[in-house]
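Chemist: Structure incoming, see below.
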Amino acid sequence: MDIRAQAVRSFRLRAHHLDKMLPSGQIETAAGACGVQNSPPGAWETALFNRVEGCTLPELHDALYRRKTLLQAWSYRGVPVVFPTAESGIFLSPLAALKGEAPWIYTRGIALALEHLQMSFDSLLPLVKQAAGYLDAHTVQGKETLDRVLADAVREHLPSEKRTLWDAPSMYGAPDRQTVGGAAVSFLLRPCSFSGLVVFGCRQGGSPTFASFRSWLGRAPETPPDADRLLVRKFLHCHGPSTPALLAEWLGCSPAQARRLWNSVAQELEPVSVEGKARWLLSADRDALAHPCGPQERLLLLGPHDPYLDTRDRDVLLPDKALQKLVWRTVGNPGAVVLDGRISGMWTARTVRDRLELSVTAWQAFSARQQSMLEIRAQEYAAFRGLSLLKYTLEDG
């Protein structure tokens with residue numbers, strides 16, 4: 001079966017709950033499609049604003065911090081991800097690599113610290129995991145403090161000749177505030193997260209707090225026996241048709257680990273072609289791809305790192321390579337204006353006291369009706385953030 005890019009976009013819009021808004025209150029459904037990245041902070045809120053009818057910041061924060069039906073933890077690619085607490089075993093456990101499946105993107109940089117310490121990854125990780133047990137009985141405010149507290153705990157279990165090396169200034173850009181040991185711990189917090197040893201708690205004074213899964217939720221994490229398969233299904237349903245290499249990039253894992261996870265759904269896959277490129281899709285999704293919906297008139301202001309944009313086959317969403325560089329940057333991604341699944345522009349916003357300035361750069365001609373829809377969406381987003389829209393601009397790119 002040969003599939004056109006437009007059919008893929010239509011399929012993914014539905015999978016991401018972007019073809020139409022979910023009914024009010026269905027925030028766990030929206031977050032559970034494939035998780036929602038929360039980097040930069042607040043990205044998860046913008047993502048759910050685009051998916052759930054009438055959702056508010058108090059409602060989202062209530063689900064994350066009071067009812068705890070949502071959980072935030074370091075997940076795929078080592079980034080903070082918000083997902084349904086009931087699906088923690090899917091978004092965490094499968095990311096724990098087996099022997100021989102390194103390196104991972106989120107720990108690759110630790111090599112400098114390990115060389116300095118003259119220690120191996122496999123000898124240091126158990127010490128950091130042991131130190132993370134501190135979070136079963138304590139909550140720590142601030143990432144920098146977390147690194148320092150756990151580094152001090154690890155230090156107590158190091159031989160005396162290693163402690164001087166452990167206490168040396170960091171080689172990662174903050175030698176006045178971080179030690180080599182603190183930097184090493186920072187890298188290894190991601191694998192600790194996959195075991196439920198550290199999760200995000202409430203924000204206090206603008207900083208996150210950290211606890212263990214057990215202390216935050218009052219129970220141990222539970223992993224379904226088919227967690228690997230369930231995670232890959234989520235990826236393929238939201239980002240398919242795809243390949244093992246694209247799965248590896250989405251997870252931030254090694255090709256070996258991606259291939260093992262991919263093989264867990266091997267019996268559920270069938271080969272297809274997307275614009276002449278070999279891909280695989282879930283057989284269960286064949287009909288949805290073969291019979292795409294018509295053009296989607298809904299205009300979206302997707303935030304930076306929205307799950308829909310979280311793909312490496314970017315030509316499907318935006319064929320122009322030069323424009324791709326404006327959307328997917330090394331740092332500081334803008335938001336994306338999406339029409340009918342295609343990226344049609346970008347947007348940025350800034351807060352001025354209690355008001356919002358939002359600017360859209362268009363890469364296609366919008367009709368008068370579409371221009372009006374964009375401005376209304378900007379007003380709705382400002383209201384969602386508890387702000388008034390001070391200034392809205394639309395210009396050609």
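Each chain in the structure tokens gets a letter, A, B and so on, in the order shown; residues start at 1 in every chain, and ligands are counted from 1 in the order they appear.
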Would you give me, as a Markdown table, each residue of stretch 238-323 of chain A having an atom within 10 Å of an atom of stretch 368-384 of chain A, along with its shortest atom pair and that distance in Å to one decimal, using only C-alpha atoms and sorting by chain and residue number?
Modeler:
```
| residue | atom | partner | partner_atom | distance |
| --- | --- | --- | --- | --- |
| A:Glu297 | CA | A:Gln370 | CA | 8.6 |
| A:Arg298 | CA | A:Met373 | CA | 8.6 |
| A:Leu299 | CA | A:Leu374 | CA | 6.8 |
| A:Leu300 | CA | A:Arg377 | CA | 7.8 |
| A:Leu301 | CA | A:Arg377 | CA | 7.4 |
```
Chemist: As a PyMOL selection string, please: every residue in stretch 99-328 of chain A that DSSP puts in alpha helix (DSSP H).
Modeler: chain A and resi 111-117+121-131+143-155+160-166+180-194+213-217+227-239+244-251+255-263+286-290+321-327
Chemist: So which one's closest to A:Leu48, A:Pro208, A:Pro307, A:Gly386, A:Gly345? Using only C-alpha atoms, please.
Modeler: A:Pro307
Chemist: From the set A:Ala15, A:Ala184, A:Cys192, A:Val52, which residue has the shortest atom-to-atom contact distance to A:Ala113, counting only C-alpha atoms?
Modeler: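 Nearest candidate to A:Ala113 out of A:Ala15, A:Ala184, A:Cys192, A:Val52: A:Ala184.
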Chemist: What is the atom CA of A:Arg385 to atom CA of A:Arg66 distance in Å?
Modeler: 19.8 Å
Chemist: Between A:Leu394, A:Leu269, A:Leu358, A:Ala248, single out the one closest to A:Glu101, counting only C-alpha atoms.
Modeler: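 Closest candidate: A:Ala248.
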Chemist: For a quick check of understanding, using only C-alpha atoms, which of A:Gln178, A:Gln37, A:Ser212, A:Gln6 has the smallest distance to A:Ala132?
Modeler: A:Ser212
Chemist: Find the spatial neighbours of stretch 56-64 of chain A, counting only C-alpha atoms, within a cut-off of 10 Å - ignore same-chain residues fewer than 3 positions away - and output them as an MDAnalysis selection string.
Modeler: chainID A and resid 24:25 27:28 42 44:46 48:49 52:53 67:72 82:85 200:202 383:386
Chemist: For the residues selected in the previous step, produce a file with N, CA and C atoms as a PDB file, in the first residue's frame.
Modeler:
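So part.pdb came out as:
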```
ATOM      1  N   SER A  24     -14.875  18.016  27.495  1.00  0.00           N
ATOM      2  CA  SER A  24     -14.340  18.567  28.735  1.00  0.00           C
ATOM      3  C   SER A  24     -14.046  17.459  29.745  1.00  0.00           C
ATOM      4  N   GLY A  25     -12.907  17.568  30.402  1.00  0.00           N
ATOM      5  CA  GLY A  25     -12.548  16.628  31.455  1.00  0.00           C
ATOM      6  C   GLY A  25     -11.688  15.461  31.027  1.00  0.00           C
ATOM      7  N   ILE A  27      -8.715  14.909  30.148  1.00  0.00           N
ATOM      8  CA  ILE A  27      -7.300  15.270  30.056  1.00  0.00           C
ATOM      9  C   ILE A  27      -6.395  14.043  30.135  1.00  0.00           C
ATOM     10  N   GLU A  28      -6.817  12.997  30.853  1.00  0.00           N
ATOM     11  CA  GLU A  28      -5.997  11.786  30.898  1.00  0.00           C
ATOM     12  C   GLU A  28      -5.964  11.104  29.534  1.00  0.00           C
ATOM     13  N   GLY A  42       5.657  24.233  31.084  1.00  0.00           N
ATOM     14  CA  GLY A  42       4.366  24.734  30.619  1.00  0.00           C
ATOM     15  C   GLY A  42       3.973  24.196  29.262  1.00  0.00           C
ATOM     16  N   TRP A  44       3.348  21.198  28.390  1.00  0.00           N
ATOM     17  CA  TRP A  44       2.261  20.207  28.505  1.00  0.00           C
ATOM     18  C   TRP A  44       0.917  20.899  28.620  1.00  0.00           C
ATOM     19  N   GLU A  45       0.882  22.055  29.268  1.00  0.00           N
ATOM     20  CA  GLU A  45      -0.372  22.786  29.423  1.00  0.00           C
ATOM     21  C   GLU A  45      -0.881  23.278  28.067  1.00  0.00           C
ATOM     22  N   THR A  46       0.032  23.836  27.262  1.00  0.00           N
ATOM     23  CA  THR A  46      -0.356  24.303  25.935  1.00  0.00           C
ATOM     24  C   THR A  46      -0.849  23.153  25.075  1.00  0.00           C
ATOM     25  N   LEU A  48      -2.392  20.412  26.018  1.00  0.00           N
ATOM     26  CA  LEU A  48      -3.740  19.995  26.402  1.00  0.00           C
ATOM     27  C   LEU A  48      -4.768  21.079  26.120  1.00  0.00           C
ATOM     28  N   PHE A  49      -4.361  22.337  26.127  1.00  0.00           N
ATOM     29  CA  PHE A  49      -5.238  23.424  25.701  1.00  0.00           C
ATOM     30  C   PHE A  49      -5.749  23.173  24.283  1.00  0.00           C
ATOM     31  N   VAL A  52      -8.349  19.485  24.656  1.00  0.00           N
ATOM     32  CA  VAL A  52      -9.484  19.235  25.550  1.00  0.00           C
ATOM     33  C   VAL A  52     -10.358  20.476  25.641  1.00  0.00           C
ATOM     34  N   GLU A  53     -11.615  20.301  25.331  1.00  0.00           N
ATOM     35  CA  GLU A  53     -12.565  21.420  25.326  1.00  0.00           C
ATOM     36  C   GLU A  53     -12.638  22.088  26.693  1.00  0.00           C
ATOM     37  N   ARG A  67      -5.161  15.504  42.655  1.00  0.00           N
ATOM     38  CA  ARG A  67      -5.758  14.194  42.386  1.00  0.00           C
ATOM     39  C   ARG A  67      -4.704  13.186  41.947  1.00  0.00           C
ATOM     40  N   LYS A  68      -3.641  13.678  41.333  1.00  0.00           N
ATOM     41  CA  LYS A  68      -2.503  12.858  40.902  1.00  0.00           C
ATOM     42  C   LYS A  68      -2.911  11.777  39.903  1.00  0.00           C
ATOM     43  N   THR A  69      -3.899  12.110  39.072  1.00  0.00           N
ATOM     44  CA  THR A  69      -4.240  11.211  37.965  1.00  0.00           C
ATOM     45  C   THR A  69      -3.262  11.376  36.809  1.00  0.00           C
ATOM     46  N   LEU A  70      -2.492  12.459  36.845  1.00  0.00           N
ATOM     47  CA  LEU A  70      -1.379  12.664  35.933  1.00  0.00           C
ATOM     48  C   LEU A  70      -0.087  12.644  36.729  1.00  0.00           C
ATOM     49  N   LEU A  71       0.990  12.264  36.067  1.00  0.00           N
ATOM     50  CA  LEU A  71       2.304  12.208  36.712  1.00  0.00           C
ATOM     51  C   LEU A  71       3.333  12.811  35.768  1.00  0.00           C
ATOM     52  N   GLN A  72       4.306  13.501  36.342  1.00  0.00           N
ATOM     53  CA  GLN A  72       5.430  14.009  35.548  1.00  0.00           C
ATOM     54  C   GLN A  72       6.710  13.313  35.985  1.00  0.00           C
ATOM     55  N   VAL A  82       4.609  14.392  30.907  1.00  0.00           N
ATOM     56  CA  VAL A  82       3.394  14.228  31.699  1.00  0.00           C
ATOM     57  C   VAL A  82       2.544  13.150  31.037  1.00  0.00           C
ATOM     58  N   PHE A  83       2.074  12.196  31.826  1.00  0.00           N
ATOM     59  CA  PHE A  83       1.290  11.077  31.309  1.00  0.00           C
ATOM     60  C   PHE A  83       0.332  10.611  32.395  1.00  0.00           C
ATOM     61  N   PRO A  84      -0.669   9.792  32.054  1.00  0.00           N
ATOM     62  CA  PRO A  84      -1.589   9.288  33.079  1.00  0.00           C
ATOM     63  C   PRO A  84      -0.856   8.434  34.105  1.00  0.00           C
ATOM     64  N   THR A  85      -1.100   8.684  35.361  1.00  0.00           N
ATOM     65  CA  THR A  85      -0.452   7.913  36.421  1.00  0.00           C
ATOM     66  C   THR A  85      -0.726   6.421  36.255  1.00  0.00           C
ATOM     67  N   PHE A 200       8.592  14.004  39.569  1.00  0.00           N
ATOM     68  CA  PHE A 200       8.378  15.407  39.888  1.00  0.00           C
ATOM     69  C   PHE A 200       7.185  15.529  40.843  1.00  0.00           C
ATOM     70  N   GLY A 201       7.340  16.394  41.852  1.00  0.00           N
ATOM     71  CA  GLY A 201       6.243  16.715  42.735  1.00  0.00           C
ATOM     72  C   GLY A 201       5.668  18.078  42.404  1.00  0.00           C
ATOM     73  N   CYS A 202       5.146  18.764  43.395  1.00  0.00           N
ATOM     74  CA  CYS A 202       4.577  20.099  43.189  1.00  0.00           C
ATOM     75  C   CYS A 202       5.679  21.114  42.896  1.00  0.00           C
ATOM     76  N   ALA A 383      -6.470  33.856  27.286  1.00  0.00           N
ATOM     77  CA  ALA A 383      -7.415  33.621  28.381  1.00  0.00           C
ATOM     78  C   ALA A 383      -7.054  32.351  29.148  1.00  0.00           C
ATOM     79  N   PHE A 384      -6.644  31.307  28.436  1.00  0.00           N
ATOM     80  CA  PHE A 384      -6.220  30.063  29.077  1.00  0.00           C
ATOM     81  C   PHE A 384      -5.067  30.330  30.038  1.00  0.00           C
ATOM     82  N   ARG A 385      -4.163  31.212  29.654  1.00  0.00           N
ATOM     83  CA  ARG A 385      -3.016  31.550  30.494  1.00  0.00           C
ATOM     84  C   ARG A 385      -3.374  32.567  31.580  1.00  0.00           C
ATOM     85  N   GLY A 386      -4.637  32.988  31.618  1.00  0.00           N
ATOM     86  CA  GLY A 386      -5.052  33.967  32.616  1.00  0.00           C
ATOM     87  C   GLY A 386      -4.599  35.367  32.299  1.00  0.00           C
TER      88      GLY A 386
END
```
Chemist: Near A:Val154, counting only C-alpha atoms, which residues have an atom at most 10 Å away, once you skip same-chain residues fewer than 5 positions from it, shown as a ChimeraX atom specification?
Modeler: /A:124,126-132,148-149,163,166,181-182,185
Chemist: List every residue of stretch 173-242 of chain A that has an atom at most 10 Å from any atom of stretch 272-279 of chain A, and for each one report the closest atom pair and its distance in Å to one decimal, counting only C-alpha atoms, with rows sorted by chain and then by increasing residue number, as JSON lines.
Modeler:
```
{"residue": "A:Gly240", "atom": "CA", "partner": "A:Arg279", "partner_atom": "CA", "distance": 8.1}
{"residue": "A:Pro241", "atom": "CA", "partner": "A:Arg279", "partner_atom": "CA", "distance": 5.5}
{"residue": "A:Ser242", "atom": "CA", "partner": "A:Arg279", "partner_atom": "CA", "distance": 5.0}
```
Chemist: Take the residues from that selection and put them in a file with C-alpha atoms, as a short mmCIF file (atom, residue, chain, number, x, y, z; two decimals), in the first residue's frame.
Modeler:
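Below you can see again-v8.cif, which holds the result:
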```cif
data_model
loop_
_atom_site.label_atom_id
_atom_site.label_comp_id
_atom_site.auth_asym_id
_atom_site.auth_seq_id
_atom_site.Cartn_x
_atom_site.Cartn_y
_atom_site.Cartn_z
CA GLY A 240 3.25 5.86 12.26
CA PRO A 241 3.86 4.58 9.73
CA SER A 242 7.44 4.47 10.98
#
```
Chemist: Would you mind listing what lies within 9 Å of A:Leu18 as a list in words, with only C-alpha atoms counted and same-chain residues fewer than 5 positions away left out?
Modeler: Arg12, Leu13, Asn50, Arg51, Arg298, Leu300, Tyr308 and Gly341 of chain A
Chemist: Within 12 Å of A:Glu268, counting only C-alpha atoms, which residues show up once you throw out same-chain ones fewer than 4 positions away? Write them as a list in words, please.
Modeler: Arg229, Leu230, Val232, Arg233, Leu236, His237, Trp262, Asn263, Ser264, Trp280, Leu281, Leu282, Ser283, Ala284, Asp285 and Arg286 of chain A
Chemist: Would you return as a list in words the members of stretch 142-242 of chain A that DSSP assigns to strand (DSSP E or B) on this structure's backbone?
Modeler: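 Residues meeting the strand (DSSP E or B) criterion: Pro169, Thr179, Val199, Phe200, Gly201, Cys202, Arg203, Gln204, Ser207, Pro208, Thr209, Phe210, Ala211 and Ser242 of chain A.
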Chemist: Could you dump the residues just selected with C-alpha atoms as a PDB file, in the first residue's frame?
Modeler:
```
ATOM      1  CA  PRO A 169      34.587  21.249  39.931  1.00  0.00           C
ATOM      2  CA  THR A 179      30.903  19.105  41.241  1.00  0.00           C
ATOM      3  CA  VAL A 199       9.392  11.753  39.952  1.00  0.00           C
ATOM      4  CA  PHE A 200       8.378  15.407  39.888  1.00  0.00           C
ATOM      5  CA  GLY A 201       6.243  16.715  42.735  1.00  0.00           C
ATOM      6  CA  CYS A 202       4.577  20.099  43.189  1.00  0.00           C
ATOM      7  CA  ARG A 203       6.207  23.310  42.070  1.00  0.00           C
ATOM      8  CA  GLN A 204       7.234  25.593  44.914  1.00  0.00           C
ATOM      9  CA  SER A 207      11.040  25.453  41.215  1.00  0.00           C
ATOM     10  CA  PRO A 208      10.068  21.778  40.856  1.00  0.00           C
ATOM     11  CA  THR A 209      10.207  19.416  43.784  1.00  0.00           C
ATOM     12  CA  PHE A 210      11.277  15.788  43.579  1.00  0.00           C
ATOM     13  CA  ALA A 211      10.165  12.652  45.395  1.00  0.00           C
ATOM     14  CA  SER A 242       7.443   4.468  10.981  1.00  0.00           C
TER      15      SER A 242
END
```
Chemist: Would you please work out which residue, of A:Thr348, A:Gln141, A:Ser39, A:Gln118, is nearest to A:Pro80 when using only C-alpha atoms?
Modeler: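 Checking each candidate against A:Pro80, we get A:Ser39 as the closest.
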Chemist: Quick one: residues within 10 Å of A:Leu261, only C-alpha atoms counted, chain neighbours fewer than 2 positions away excluded, as a list in words?
Modeler: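 The filter keeps Pro94, Leu95, Ala227, Asp228, Arg229, Leu230, Leu231, Val232, Pro244, Leu247, Ala248, Pro255, Ala256, Gln257, Ala258, Arg259, Asn263, Ser264, Val265 and Ala266 of chain A.
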Chemist: Output the selection as a PDB file, in the first residue's frame - C-alpha atoms for each residue.
Modeler:
```pdb
ATOM      1  CA  PRO A  94      10.318  -0.102  28.999  1.00  0.00           C
ATOM      2  CA  LEU A  95      12.931   2.655  28.812  1.00  0.00           C
ATOM      3  CA  ALA A 227       4.551  -2.719  28.767  1.00  0.00           C
ATOM      4  CA  ASP A 228       7.114  -2.834  25.935  1.00  0.00           C
ATOM      5  CA  ARG A 229       4.452  -3.632  23.373  1.00  0.00           C
ATOM      6  CA  LEU A 230       2.053  -1.018  24.717  1.00  0.00           C
ATOM      7  CA  LEU A 231       4.671   1.732  24.470  1.00  0.00           C
ATOM      8  CA  VAL A 232       5.602   0.859  20.888  1.00  0.00           C
ATOM      9  CA  PRO A 244      12.863   1.137  14.151  1.00  0.00           C
ATOM     10  CA  LEU A 247      11.517   4.765  17.208  1.00  0.00           C
ATOM     11  CA  ALA A 248      15.106   4.924  18.502  1.00  0.00           C
ATOM     12  CA  PRO A 255      19.417   0.986  17.970  1.00  0.00           C
ATOM     13  CA  ALA A 256      19.767  -2.311  19.860  1.00  0.00           C
ATOM     14  CA  GLN A 257      17.174  -1.349  22.460  1.00  0.00           C
ATOM     15  CA  ALA A 258      14.834   0.079  19.827  1.00  0.00           C
ATOM     16  CA  ARG A 259      15.032  -3.132  17.809  1.00  0.00           C
ATOM     17  CA  ASN A 263      10.200  -6.783  17.863  1.00  0.00           C
ATOM     18  CA  SER A 264       7.602  -6.918  20.646  1.00  0.00           C
ATOM     19  CA  VAL A 265       4.995  -5.806  18.066  1.00  0.00           C
ATOM     20  CA  ALA A 266       6.534  -7.492  15.019  1.00  0.00           C
TER      21      ALA A 266
END
```
